[in-house]
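One file, final_8.cif, is given below (mmCIF, C-alpha atoms).
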```
data_data
#
loop_
_atom_site.label_atom_id
_atom_site.label_comp_id
_atom_site.auth_asym_id
_atom_site.auth_seq_id
_atom_site.Cartn_x
_atom_site.Cartn_y
_atom_site.Cartn_z
CA MET A 1 -62.15 52.55 -19.89
CA SER A 2 -63.11 49.40 -18.14
CA SER A 3 -66.63 49.75 -16.80
CA ALA A 4 -69.21 47.07 -17.54
CA ALA A 5 -71.47 49.65 -19.14
CA THR A 6 -68.79 50.49 -21.72
CA ARG A 7 -68.04 46.86 -22.55
CA THR A 8 -71.66 45.94 -23.15
CA ALA A 9 -73.04 49.06 -24.80
CA GLY A 10 -73.44 48.81 -28.58
CA PRO A 11 -72.91 51.70 -31.03
CA ASP A 12 -76.64 52.47 -31.16
CA HIS A 13 -77.15 52.26 -27.41
CA LEU A 14 -78.97 55.29 -25.99
CA TRP A 15 -77.23 55.95 -22.70
CA SER A 16 -79.10 57.24 -19.70
CA VAL A 17 -77.69 60.16 -17.73
CA ASP A 18 -76.96 57.83 -14.83
CA GLU A 19 -75.17 55.26 -17.01
CA HIS A 20 -72.90 57.88 -18.53
CA LEU A 21 -72.13 59.45 -15.14
CA GLU A 22 -71.39 56.04 -13.63
CA ASP A 23 -69.01 55.29 -16.49
CA VAL A 24 -67.18 58.57 -15.95
CA LEU A 25 -66.88 58.22 -12.19
CA SER A 26 -65.85 54.56 -12.33
CA THR A 27 -62.96 55.54 -14.59
CA VAL A 28 -61.68 58.71 -12.91
CA ARG A 29 -59.45 58.13 -9.88
CA PRO A 30 -58.40 60.58 -7.13
CA LEU A 31 -55.00 62.15 -7.67
CA GLU A 32 -52.05 60.91 -5.64
CA PRO A 33 -51.39 62.87 -2.42
CA ILE A 34 -48.47 65.29 -2.15
CA GLU A 35 -46.98 67.45 0.61
CA LEU A 36 -47.53 71.17 0.06
CA GLN A 37 -46.75 74.43 1.80
CA LEU A 38 -49.82 75.91 3.48
CA LEU A 39 -50.66 78.59 0.91
CA ASP A 40 -50.05 76.18 -1.95
CA ALA A 41 -52.53 73.79 -0.31
CA GLN A 42 -55.44 76.26 -0.42
CA GLY A 43 -58.41 74.63 -2.12
CA CYS A 44 -56.91 71.15 -1.76
CA VAL A 45 -58.35 68.22 0.19
CA LEU A 46 -56.65 66.82 3.28
CA VAL A 47 -55.71 63.14 3.19
CA GLU A 48 -54.91 62.85 6.90
CA ASP A 49 -56.40 63.86 10.23
CA ILE A 50 -54.56 66.77 11.81
CA THR A 51 -53.88 66.49 15.56
CA VAL A 52 -53.16 69.59 17.64
CA PRO A 53 -49.54 69.46 18.93
CA VAL A 54 -49.87 72.50 21.21
CA SER A 55 -52.89 74.03 22.94
CA LEU A 56 -54.39 77.27 21.67
CA PRO A 57 -53.85 79.63 23.28
CA PRO A 58 -50.67 78.06 24.68
CA PHE A 59 -50.84 80.22 27.83
CA ASP A 60 -53.35 82.28 29.81
CA ASN A 61 -53.50 85.70 28.17
CA SER A 62 -55.41 88.95 28.33
CA SER A 63 -58.38 89.62 26.07
CA MET A 64 -58.23 93.37 26.84
CA ASP A 65 -55.83 96.26 27.18
CA GLY A 66 -55.81 97.02 30.90
CA TYR A 67 -54.27 95.93 34.18
CA ALA A 68 -53.55 92.47 35.57
CA VAL A 69 -54.72 92.42 39.19
CA ARG A 70 -55.55 90.24 42.18
CA VAL A 71 -59.31 89.90 42.77
CA ALA A 72 -59.10 90.77 46.47
CA ASP A 73 -57.32 94.06 45.70
CA VAL A 74 -60.20 95.42 43.59
CA ALA A 75 -63.13 94.00 45.55
CA GLY A 76 -65.63 96.80 46.28
CA ALA A 77 -63.82 99.33 44.05
CA SER A 78 -65.95 102.24 42.80
CA GLU A 79 -65.49 105.71 41.35
CA GLU A 80 -66.08 107.16 44.80
CA PHE A 81 -63.74 104.70 46.50
CA PRO A 82 -61.27 103.44 43.89
CA ALA A 83 -58.70 100.77 44.57
CA VAL A 84 -55.23 102.32 44.35
CA LEU A 85 -52.61 99.83 43.18
CA GLU A 86 -48.88 100.04 42.62
CA VAL A 87 -47.97 99.44 38.94
CA VAL A 88 -45.00 97.05 38.82
CA GLY A 89 -44.39 96.82 35.09
CA ASP A 90 -45.55 96.60 31.46
CA ILE A 91 -46.51 93.36 29.74
CA ALA A 92 -46.85 93.40 25.95
CA ALA A 93 -47.74 90.52 23.64
CA GLY A 94 -44.65 88.35 23.30
CA SER A 95 -43.20 89.48 26.62
CA ALA A 96 -40.89 87.20 28.59
CA GLY A 97 -39.58 87.60 32.12
CA LEU A 98 -42.96 88.62 33.52
CA PRO A 99 -43.22 90.68 36.71
CA SER A 100 -45.03 89.05 39.63
CA VAL A 101 -48.18 90.75 40.90
CA GLY A 102 -48.34 90.76 44.68
CA PRO A 103 -50.86 92.18 47.15
CA GLY A 104 -51.74 95.78 46.33
CA GLN A 105 -50.00 95.59 42.95
CA ALA A 106 -50.99 95.60 39.26
CA ALA A 107 -49.21 95.21 35.91
CA ARG A 108 -50.18 97.11 32.80
CA ILE A 109 -51.07 94.45 30.21
CA MET A 110 -51.89 94.47 26.50
CA THR A 111 -54.29 92.28 24.54
CA GLY A 112 -52.75 88.85 23.88
CA ALA A 113 -50.02 89.29 26.51
CA PRO A 114 -49.46 86.44 29.00
CA LEU A 115 -51.08 86.75 32.43
CA PRO A 116 -48.28 87.34 34.95
CA PRO A 117 -47.71 85.25 38.09
CA GLY A 118 -49.95 86.26 40.95
CA ALA A 119 -52.58 87.97 38.78
CA GLU A 120 -56.10 86.51 38.77
CA ALA A 121 -58.00 88.84 36.44
CA VAL A 122 -57.67 91.75 34.05
CA VAL A 123 -59.49 95.06 34.48
CA PRO A 124 -59.98 96.94 31.19
CA VAL A 125 -58.20 100.30 30.99
CA GLU A 126 -61.63 101.95 30.70
CA TRP A 127 -62.27 100.95 34.34
CA THR A 128 -59.18 102.87 35.47
CA ASP A 129 -57.50 106.27 35.30
CA GLY A 130 -54.73 104.78 33.14
CA GLY A 131 -52.22 105.75 35.81
CA LEU A 132 -52.74 109.45 35.07
CA GLY A 133 -54.73 110.34 38.20
CA GLU A 134 -57.33 112.26 36.22
CA GLY A 135 -60.41 110.01 36.40
CA PRO A 136 -61.58 107.26 34.01
CA VAL A 137 -59.83 107.09 30.62
CA SER A 138 -60.99 105.66 27.30
CA ALA A 139 -57.66 104.19 26.17
CA MET A 140 -54.05 103.76 27.14
CA ARG A 141 -51.57 106.36 26.07
CA ALA A 142 -48.79 105.02 23.90
CA ARG A 143 -45.74 103.88 25.85
CA GLY A 144 -43.57 106.37 23.97
CA LEU A 145 -45.83 109.23 25.02
CA ALA A 146 -46.34 108.10 28.60
CA PRO A 147 -43.46 105.91 29.79
CA GLU A 148 -44.52 106.64 33.35
CA GLY A 149 -47.68 104.55 32.73
CA ALA A 150 -45.70 101.40 33.47
CA ASP A 151 -44.94 102.47 37.03
CA GLY A 152 -46.45 104.67 39.68
CA HIS A 153 -50.04 103.96 40.70
CA VAL A 154 -53.33 103.24 38.99
CA HIS A 155 -56.84 103.92 40.25
CA VAL A 156 -59.33 101.09 39.58
CA TYR A 157 -63.01 102.05 39.66
CA ARG A 158 -64.73 98.65 39.32
CA PRO A 159 -64.24 95.20 40.84
CA ALA A 160 -63.37 92.14 38.74
CA GLU A 161 -64.24 88.49 39.17
CA ALA A 162 -61.63 85.75 38.99
CA ARG A 163 -60.50 85.05 35.39
CA ALA A 164 -62.30 88.12 34.06
CA HIS A 165 -60.99 89.08 30.62
CA VAL A 166 -58.54 86.16 30.63
CA ARG A 167 -58.33 83.72 27.73
CA ALA A 168 -57.55 80.38 29.31
CA VAL A 169 -54.85 78.08 27.95
CA GLY A 170 -56.47 75.54 25.57
CA SER A 171 -59.78 77.43 25.42
CA ASP A 172 -59.63 77.26 21.60
CA VAL A 173 -58.19 73.76 21.11
CA ARG A 174 -56.18 71.50 23.39
CA ALA A 175 -53.09 69.49 22.57
CA GLY A 176 -54.17 66.07 21.32
CA ASP A 177 -57.48 67.29 19.91
CA ARG A 178 -58.29 66.58 16.26
CA ALA A 179 -58.09 69.94 14.52
CA LEU A 180 -59.16 68.90 11.00
CA GLU A 181 -60.42 65.65 9.50
CA ALA A 182 -59.21 63.94 6.35
CA GLY A 183 -61.45 65.02 3.48
CA THR A 184 -61.58 68.67 4.57
CA ILE A 185 -61.19 71.27 1.84
CA LEU A 186 -58.60 73.80 2.97
CA GLY A 187 -60.01 77.33 2.85
CA PRO A 188 -58.68 80.46 4.60
CA PRO A 189 -59.98 79.51 8.10
CA GLN A 190 -58.48 76.02 7.86
CA ILE A 191 -55.15 77.45 6.63
CA ALA A 192 -55.21 79.83 9.60
CA LEU A 193 -55.77 76.96 12.05
CA LEU A 194 -52.93 74.93 10.55
CA ALA A 195 -50.59 77.89 10.85
CA ALA A 196 -51.76 78.59 14.41
CA ILE A 197 -50.85 75.06 15.53
CA GLY A 198 -47.47 75.28 13.84
CA ARG A 199 -47.97 73.23 10.68
CA GLY A 200 -45.82 74.55 7.84
CA THR A 201 -46.79 71.85 5.34
CA VAL A 202 -49.73 69.50 4.93
CA ARG A 203 -50.45 66.32 2.95
CA VAL A 204 -53.24 66.81 0.43
CA ARG A 205 -54.55 65.71 -2.92
CA PRO A 206 -53.55 68.48 -5.34
CA ARG A 207 -56.10 70.55 -7.19
CA PRO A 208 -56.73 68.89 -10.58
CA ARG A 209 -55.29 70.59 -13.66
CA VAL A 210 -58.11 70.90 -16.19
CA VAL A 211 -57.54 72.03 -19.78
CA VAL A 212 -60.60 73.45 -21.55
CA LEU A 213 -60.60 73.62 -25.34
CA SER A 214 -63.35 74.83 -27.66
CA THR A 215 -63.64 74.01 -31.35
CA GLY A 216 -65.15 75.78 -34.32
CA SER A 217 -63.88 77.89 -37.19
CA GLU A 218 -66.72 80.32 -36.51
CA LEU A 219 -65.41 81.24 -33.06
CA VAL A 220 -63.74 84.60 -32.39
CA GLN A 221 -62.05 85.67 -29.17
CA PRO A 222 -63.91 88.35 -27.18
CA GLY A 223 -62.48 91.78 -27.87
CA GLU A 224 -61.80 91.02 -31.54
CA GLN A 225 -63.92 92.10 -34.50
CA LEU A 226 -66.65 89.73 -35.67
CA GLY A 227 -66.71 88.78 -39.32
CA SER A 228 -69.57 87.41 -41.36
CA GLY A 229 -70.97 84.20 -39.88
CA GLN A 230 -68.79 84.42 -36.79
CA ILE A 231 -69.67 84.37 -33.07
CA TYR A 232 -67.69 84.98 -29.91
CA ASP A 233 -66.26 81.99 -28.08
CA SER A 234 -68.14 81.89 -24.78
CA ASN A 235 -67.96 78.18 -24.00
CA SER A 236 -64.27 78.03 -23.19
CA PHE A 237 -64.66 80.96 -20.80
CA ALA A 238 -67.73 79.48 -19.13
CA LEU A 239 -66.21 76.03 -18.67
CA THR A 240 -62.84 77.33 -17.49
CA ALA A 241 -64.62 79.45 -14.90
CA ALA A 242 -66.80 76.48 -13.94
CA ALA A 243 -63.75 74.25 -13.53
CA ARG A 244 -62.13 76.80 -11.24
CA ASP A 245 -65.38 77.09 -9.29
CA ALA A 246 -65.32 73.31 -8.85
CA GLY A 247 -61.84 73.54 -7.29
CA ALA A 248 -59.57 72.89 -10.26
CA ILE A 249 -56.60 74.76 -11.67
CA ALA A 250 -58.05 75.43 -15.11
CA TYR A 251 -56.32 76.41 -18.32
CA ARG A 252 -58.24 77.84 -21.25
CA VAL A 253 -57.05 77.12 -24.77
CA GLY A 254 -58.20 79.43 -27.56
CA ALA A 255 -60.71 78.09 -30.05
CA VAL A 256 -59.32 75.56 -32.51
CA ALA A 257 -60.47 75.68 -36.11
CA ASP A 258 -62.40 72.80 -37.69
CA ASP A 259 -59.36 70.77 -38.68
CA ALA A 260 -58.89 67.31 -37.21
CA GLU A 261 -55.09 67.22 -37.40
CA THR A 262 -54.75 70.67 -35.80
CA LEU A 263 -57.12 69.65 -33.02
CA ARG A 264 -55.37 66.34 -32.41
CA SER A 265 -51.99 68.09 -32.25
CA THR A 266 -53.32 70.74 -29.88
CA ILE A 267 -54.76 68.15 -27.53
CA GLU A 268 -51.51 66.16 -27.54
CA ASP A 269 -49.58 69.33 -26.69
CA GLN A 270 -51.87 69.99 -23.73
CA LEU A 271 -51.49 66.53 -22.16
CA ILE A 272 -48.34 67.56 -20.30
CA ARG A 273 -50.33 69.92 -18.05
CA ALA A 274 -53.65 68.10 -17.82
CA ASP A 275 -55.19 65.77 -15.27
CA LEU A 276 -58.45 66.13 -17.21
CA LEU A 277 -59.24 67.42 -20.70
CA VAL A 278 -62.56 69.02 -21.63
CA THR A 279 -63.53 69.86 -25.20
CA THR A 280 -66.67 71.61 -26.33
CA GLY A 281 -68.18 71.37 -29.81
CA GLY A 282 -67.68 68.95 -32.66
CA VAL A 283 -69.37 65.87 -31.15
CA SER A 284 -72.62 65.74 -33.11
CA VAL A 285 -73.32 64.22 -36.52
CA GLY A 286 -72.39 67.11 -38.83
CA ALA A 287 -69.73 66.98 -41.53
CA TYR A 288 -67.52 69.41 -39.58
CA ASP A 289 -67.74 67.81 -36.16
CA VAL A 290 -63.97 67.50 -35.87
CA VAL A 291 -63.68 66.26 -32.28
CA LYS A 292 -65.21 62.95 -33.33
CA GLU A 293 -63.00 62.85 -36.38
CA ALA A 294 -59.86 63.69 -34.42
CA LEU A 295 -60.43 61.40 -31.45
CA ALA A 296 -62.63 58.53 -32.59
CA HIS A 297 -59.60 56.33 -33.40
CA VAL A 298 -56.95 57.85 -31.15
CA GLY A 299 -57.15 54.76 -28.91
CA ASP A 300 -55.87 52.62 -31.77
CA GLU A 301 -52.38 53.96 -31.06
CA ASP A 302 -52.67 53.74 -27.25
CA GLU A 303 -52.33 50.85 -24.86
CA ALA A 304 -55.39 48.70 -24.30
CA GLY A 305 -58.10 50.61 -22.52
CA GLY A 306 -57.44 53.97 -24.18
CA GLY A 307 -59.58 55.84 -26.65
CA VAL A 308 -62.62 58.09 -26.69
CA GLU A 309 -66.13 56.82 -27.26
CA PHE A 310 -68.87 59.05 -28.64
CA ARG A 311 -72.40 58.30 -27.56
CA LYS A 312 -75.95 59.59 -27.42
CA LEU A 313 -77.63 60.29 -24.09
CA ALA A 314 -81.32 60.29 -23.25
CA MET A 315 -81.21 63.91 -22.07
CA GLN A 316 -82.04 67.41 -23.21
CA PRO A 317 -79.98 69.49 -23.68
CA GLY A 318 -76.74 67.57 -24.21
CA LYS A 319 -77.62 64.46 -26.19
CA PRO A 320 -74.21 64.03 -27.92
CA GLN A 321 -71.33 63.28 -25.53
CA GLY A 322 -67.87 61.81 -25.68
CA PHE A 323 -65.79 60.22 -22.98
CA GLY A 324 -62.56 58.28 -22.74
CA SER A 325 -58.86 58.57 -22.09
CA ILE A 326 -55.95 59.56 -24.26
CA GLY A 327 -52.17 59.71 -24.17
CA PRO A 328 -49.58 57.57 -22.38
CA ASP A 329 -51.07 58.34 -18.94
CA HIS A 330 -54.64 57.66 -20.07
CA THR A 331 -55.71 61.21 -19.23
CA PRO A 332 -59.51 61.39 -18.96
CA LEU A 333 -61.24 63.44 -21.65
CA LEU A 334 -64.85 64.57 -21.71
CA ALA A 335 -66.14 65.88 -25.03
CA LEU A 336 -69.16 68.13 -24.57
CA PRO A 337 -71.62 69.57 -27.11
CA GLY A 338 -71.03 73.01 -28.56
CA ASN A 339 -74.32 74.75 -27.83
CA PRO A 340 -73.71 76.97 -24.77
CA VAL A 341 -76.49 75.63 -22.57
CA SER A 342 -75.82 72.02 -23.58
CA SER A 343 -72.15 72.55 -22.81
CA TYR A 344 -72.75 74.09 -19.38
CA VAL A 345 -75.41 71.60 -18.29
CA SER A 346 -73.14 68.75 -19.38
CA PHE A 347 -70.31 70.24 -17.36
CA GLU A 348 -72.45 70.40 -14.22
CA LEU A 349 -73.70 66.85 -14.62
CA PHE A 350 -70.49 65.09 -15.66
CA VAL A 351 -67.34 67.22 -15.53
CA ARG A 352 -67.83 68.80 -12.12
CA PRO A 353 -68.29 65.40 -10.43
CA ALA A 354 -65.18 64.16 -12.25
CA ILE A 355 -63.16 67.11 -10.94
CA ARG A 356 -64.42 66.56 -7.41
CA THR A 357 -63.54 62.86 -7.71
CA LEU A 358 -60.00 63.76 -8.77
CA MET A 359 -59.80 65.96 -5.67
CA GLY A 360 -60.69 62.96 -3.50
CA LEU A 361 -63.98 64.32 -2.17
CA ALA A 362 -66.64 61.94 -0.88
CA ASP A 363 -69.58 64.06 -2.07
CA VAL A 364 -69.03 65.10 -5.66
CA HIS A 365 -72.52 66.25 -6.66
CA ARG A 366 -74.39 69.52 -6.48
CA PRO A 367 -77.17 69.46 -3.87
CA THR A 368 -80.62 68.43 -5.10
CA VAL A 369 -83.82 69.60 -3.38
CA ARG A 370 -87.54 69.28 -3.93
CA ALA A 371 -89.33 72.49 -4.91
CA THR A 372 -92.75 73.60 -6.08
CA LEU A 373 -92.91 74.68 -9.72
CA ARG A 374 -94.13 78.25 -10.20
CA ALA A 375 -94.93 78.87 -13.87
CA ASP A 376 -97.60 80.48 -16.06
CA LYS A 377 -98.22 77.24 -17.95
CA ALA A 378 -97.27 73.59 -17.95
CA LEU A 379 -93.71 72.67 -18.91
CA SER A 380 -93.41 70.22 -21.78
CA SER A 381 -90.62 67.67 -22.09
CA PRO A 382 -89.76 65.09 -24.77
CA LYS A 383 -90.69 61.53 -23.84
CA GLY A 384 -87.76 59.31 -23.06
CA ARG A 385 -85.41 62.22 -22.30
CA ARG A 386 -84.41 63.62 -18.93
CA GLN A 387 -84.76 67.37 -19.39
CA PHE A 388 -82.82 70.01 -17.49
CA LEU A 389 -84.44 73.43 -17.60
CA ARG A 390 -82.85 76.59 -16.24
CA GLY A 391 -84.59 78.07 -13.23
CA THR A 392 -84.41 80.39 -10.24
CA TYR A 393 -84.88 78.86 -6.80
CA GLY A 394 -85.95 80.40 -3.50
CA ASP A 395 -88.03 79.59 -0.41
CA GLY A 396 -89.00 76.15 -1.68
CA ASP A 397 -90.20 77.41 -5.08
CA VAL A 398 -88.58 77.26 -8.49
CA ALA A 399 -89.48 79.19 -11.64
CA PRO A 400 -88.22 78.53 -15.17
CA VAL A 401 -85.93 81.08 -16.83
CA GLY A 402 -86.00 81.36 -20.61
CA GLY A 403 -87.04 78.57 -22.94
CA ALA A 404 -85.69 75.12 -23.67
CA GLY A 405 -83.36 76.27 -26.47
CA SER A 406 -79.77 75.14 -26.00
CA HIS A 407 -78.42 78.46 -27.34
CA LEU A 408 -80.02 80.76 -24.73
CA VAL A 409 -76.96 82.14 -22.94
CA ALA A 410 -78.77 85.13 -21.45
CA ALA A 411 -81.30 82.89 -19.68
CA LEU A 412 -78.49 80.73 -18.34
CA ALA A 413 -76.82 83.80 -16.83
CA HIS A 414 -79.89 84.46 -14.70
CA ALA A 415 -80.41 80.88 -13.52
CA ASP A 416 -79.21 79.45 -10.22
CA ALA A 417 -80.80 76.02 -10.55
CA LEU A 418 -81.70 73.24 -12.97
CA ILE A 419 -85.27 71.94 -13.03
CA VAL A 420 -85.19 68.17 -13.62
CA VAL A 421 -88.00 66.59 -15.64
CA PRO A 422 -87.76 62.75 -15.60
CA GLU A 423 -87.67 60.66 -18.76
CA ALA A 424 -91.21 59.34 -18.37
CA VAL A 425 -92.79 62.77 -17.83
CA GLU A 426 -93.98 64.80 -20.83
CA SER A 427 -95.73 67.65 -19.00
CA VAL A 428 -95.29 69.30 -15.60
CA GLU A 429 -98.16 71.39 -14.30
CA PRO A 430 -97.63 74.53 -12.15
CA GLY A 431 -97.74 73.64 -8.46
CA THR A 432 -96.12 70.25 -9.03
CA GLU A 433 -93.13 69.27 -6.89
CA VAL A 434 -89.97 68.74 -8.93
CA ASP A 435 -86.32 67.89 -8.32
CA VAL A 436 -84.03 70.92 -8.51
CA VAL A 437 -80.26 70.91 -8.81
CA LEU A 438 -78.84 73.96 -7.03
CA LEU A 439 -76.02 75.61 -8.94
CA GLY A 440 -75.07 78.36 -6.49
#
```
Could you render the structure as structure tokens?
Amino acid sequence: MSSAATRTAGPDHLWSVDEHLEDVLSTVRPLEPIELQLLDAQGCVLVEDITVPVSLPPFDNSSMDGYAVRVADVAGASEEFPAVLEVVGDIAAGSAGLPSVGPGQAARIMTGAPLPPGAEAVVPVEWTDGGLGEGPVSAMRARGLAPEGADGHVHVYRPAEARAHVRAVGSDVRAGDRALEAGTILGPPQIALLAAIGRGTVRVRPRPRVVVLSTGSELVQPGEQLGSGQIYDSNSFALTAAARDAGAIAYRVGAVADDAETLRSTIEDQLIRADLLVTTGGVSVGAYDVVKEALAHVGDEDEAGGGVEFRKLAMQPGKPQGFGSIGPDHTPLLALPGNPVSSYVSFELFVRPAIRTLMGLADVHRPTVRATLRADKALSSPKGRRQFLRGTYGDGDVAPVGGAGSHLVAALAHADALIVVPEAVESVEPGTEVDVVLLG
């Protein structure tokens, strides 16, 4: 790490939330761009503007199943006095060698089929007898069932204006237009547009590969039997899901027991598939906090600038944090606390922005809004700490969910926002406006 904050901070320095976040984001760099096939690029961020090479649609085509006609031939048409036109052919989507429509003529045309020469409009089949001579119809009969529908005559019962039911060439986008801007995240609609304009590959920053690893000999995998003093490992599932939600390709590693050498070996094994490592647990001041033990001196064996620093932050929950880089490629590592709420809040504040930075996004933060606090009593907060309380937000109001305990997983599951209480504030009365971080 090379930020000024890291160089000047002493071992007893109490970091602010903003200092720690700045240190993380000044160290993490966007991943190098690569060329990917369209479906492989889903969720990635474009690094170039995309210009349309061919107009969409590339030709005038019908927006209805019906008949391509000349406007003059159907002027004044009604059920009592229909226009009777000679049908000169069938035009399906993808047709070539189109028949010309002359005076008194029509061509049966399908949705998406090119408008033939001479035609000026399309009359929907519902305005005609479908060539059957039996009054208005509701749909065309299949060509295999009524091959005669492509010739003979059709009765048209309503007039049509010029260009009626015709999709004009370039009405979606025109050749030379900018289809997508650099910085766009490629979702299904963007992938569809790229395919529609003929792009088979696209240059993007790849989705970051994030490895999530939890520590603790007390942790048991869900689905297994709990023993005495054991709990289920929820953190690795929560953080892996959160990393995927942020846009990463996330890999979950099963809980590692409280053994420094085992943990160090596991982390080293994971470096080959990681652009970012996230650990949870083992960063406090207990005798079994093995992440600190395993990583505190790992930088001694790396090139200059490597290593993980463990620090205290002026926040609640999430006071103990670790951050640095390890391995030959200086892979960033964020070490989060083990309490479930502390772990998740820390992820939202520090890991998610790091993932979004790796993706090359300009805006890496969750949206923050002002909201009115709705609560039965004042909220207390420790002086000198920035507190993040779980809440539910809606219509400009926010209400706390659960208490301040960092173990309250059930309350976290019902929250869609974080209520922010500044460091200098020790009490927030109901009706006060507060900052709210939106999680949904």
Could you pull the residues within 9 Å of Val428 of chain A, counting only C-alpha atoms, minus those fewer than 6 positions along the same chain, as JSON, numbers by chain? {"A": [373, 377, 378, 379, 380, 381, 421, 434]}
Keeping C-alpha atoms for every residue in the selection just given, could you write it to a file as a PDB file, in the coordinates of the input?
```pdb
ATOM      1  CA  LEU A 373     -92.910  74.680  -9.720  1.00  0.00           C
ATOM      2  CA  LYS A 377     -98.220  77.240 -17.950  1.00  0.00           C
ATOM      3  CA  ALA A 378     -97.270  73.590 -17.950  1.00  0.00           C
ATOM      4  CA  LEU A 379     -93.710  72.670 -18.910  1.00  0.00           C
ATOM      5  CA  SER A 380     -93.410  70.220 -21.780  1.00  0.00           C
ATOM      6  CA  SER A 381     -90.620  67.670 -22.090  1.00  0.00           C
ATOM      7  CA  VAL A 421     -88.000  66.590 -15.640  1.00  0.00           C
ATOM      8  CA  VAL A 434     -89.970  68.740  -8.930  1.00  0.00           C
TER       9      VAL A 434
END
```
Report the distance between atom CA of Gln225 of chain A and atom CA of Val253 of chain A in Å, rounded to one decimal place. 19.1 Å
So that I can check the surroundings of Val88 of chain A, please list as a PDB file with C-alpha atoms, keeping the file's coordinate frame every protein, DNA and RNA residue that reaches within 7 Å of it, counting only C-alpha atoms and ignoring chain neighbours fewer than 3 positions away.
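And here is the file that came out, result-v5.pdb:
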```
ATOM      1  CA  PRO A  99     -43.220  90.680  36.710  1.00  0.00           C
ATOM      2  CA  GLN A 105     -50.000  95.590  42.950  1.00  0.00           C
ATOM      3  CA  ALA A 106     -50.990  95.600  39.260  1.00  0.00           C
ATOM      4  CA  ALA A 107     -49.210  95.210  35.910  1.00  0.00           C
ATOM      5  CA  ALA A 150     -45.700 101.400  33.470  1.00  0.00           C
ATOM      6  CA  ASP A 151     -44.940 102.470  37.030  1.00  0.00           C
TER       7      ASP A 151
END
```
With the file shown as input, list the residues that the PyMOL selection byres ((chain A and resi 125) around 9) selects, as a compact mmCIF listing (two decimals) with C-alpha atoms, keeping the file's coordinate frame.
```txt
# COMPACT_ATOMS: atom_id res chain seq x y z
CA MET A 64 -58.23 93.37 26.84
CA ASP A 65 -55.83 96.26 27.18
CA GLY A 66 -55.81 97.02 30.90
CA TYR A 67 -54.27 95.93 34.18
CA ARG A 108 -50.18 97.11 32.80
CA VAL A 123 -59.49 95.06 34.48
CA PRO A 124 -59.98 96.94 31.19
CA GLU A 126 -61.63 101.95 30.70
CA TRP A 127 -62.27 100.95 34.34
CA THR A 128 -59.18 102.87 35.47
CA ASP A 129 -57.50 106.27 35.30
CA GLY A 130 -54.73 104.78 33.14
CA PRO A 136 -61.58 107.26 34.01
CA VAL A 137 -59.83 107.09 30.62
CA SER A 138 -60.99 105.66 27.30
CA ALA A 139 -57.66 104.19 26.17
CA MET A 140 -54.05 103.76 27.14
CA VAL A 156 -59.33 101.09 39.58
```
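Residue nearest Pro422 of chain A within the list A:Val437, A:Met359, A:Met315, A:Leu25: A:Met315 [criterion: smallest interatomic distance, only C-alpha atoms].
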Determine the residue membership of the PyMOL selection byres ((chain A and resi 15) around 8) for the file above and supply it as an MDAnalysis selection string. chainID A and resid 13:14 16:17 19:20 311:314
When the PyMOL selection byres ((chain A and resi 182-194) around 7) is applied to the structure above, which residues does it catch, written out as a list in words? Leu38, Ala41, Gln42, Gly43, Cys44, Val45, Leu46, Val47, Glu48, Asp49, Leu180, Glu181, Ala195, Ala196, Ile197, Gly198, Arg199 and Leu361 of chain A
Could you pull the residues within 9 Å of Ile249 of chain A, counting all atoms listed in the file, minus those fewer than 4 positions along the same chain, as a PDB file with C-alpha atoms, in the frame of the given file?
```
ATOM      1  CA  ARG A 207     -56.100  70.550  -7.190  1.00  0.00           C
ATOM      2  CA  PRO A 208     -56.730  68.890 -10.580  1.00  0.00           C
ATOM      3  CA  ARG A 209     -55.290  70.590 -13.660  1.00  0.00           C
ATOM      4  CA  VAL A 210     -58.110  70.900 -16.190  1.00  0.00           C
ATOM      5  CA  VAL A 211     -57.540  72.030 -19.780  1.00  0.00           C
ATOM      6  CA  THR A 240     -62.840  77.330 -17.490  1.00  0.00           C
ATOM      7  CA  ALA A 243     -63.750  74.250 -13.530  1.00  0.00           C
ATOM      8  CA  ARG A 244     -62.130  76.800 -11.240  1.00  0.00           C
TER       9      ARG A 244
END
```
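Here atom CA of Pro159 of chain A is placed at a distance of 24.9 Å from atom CA of Ala142 of chain A.
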Sphere at (-74.4, 73.8, -18.7), radius 12 Å, counting only C-alpha atoms: residues as a PyMOL selection string: chain A and resi 234-236+238-239+241-243+280+316-318+336-352+388-390+406-409+411-413+415-418+437+439
Could you state the separation of atom CA of Glu22 of chain A and atom CA of Leu271 of chain A in Å, given to one decimal place? 24.1 Å
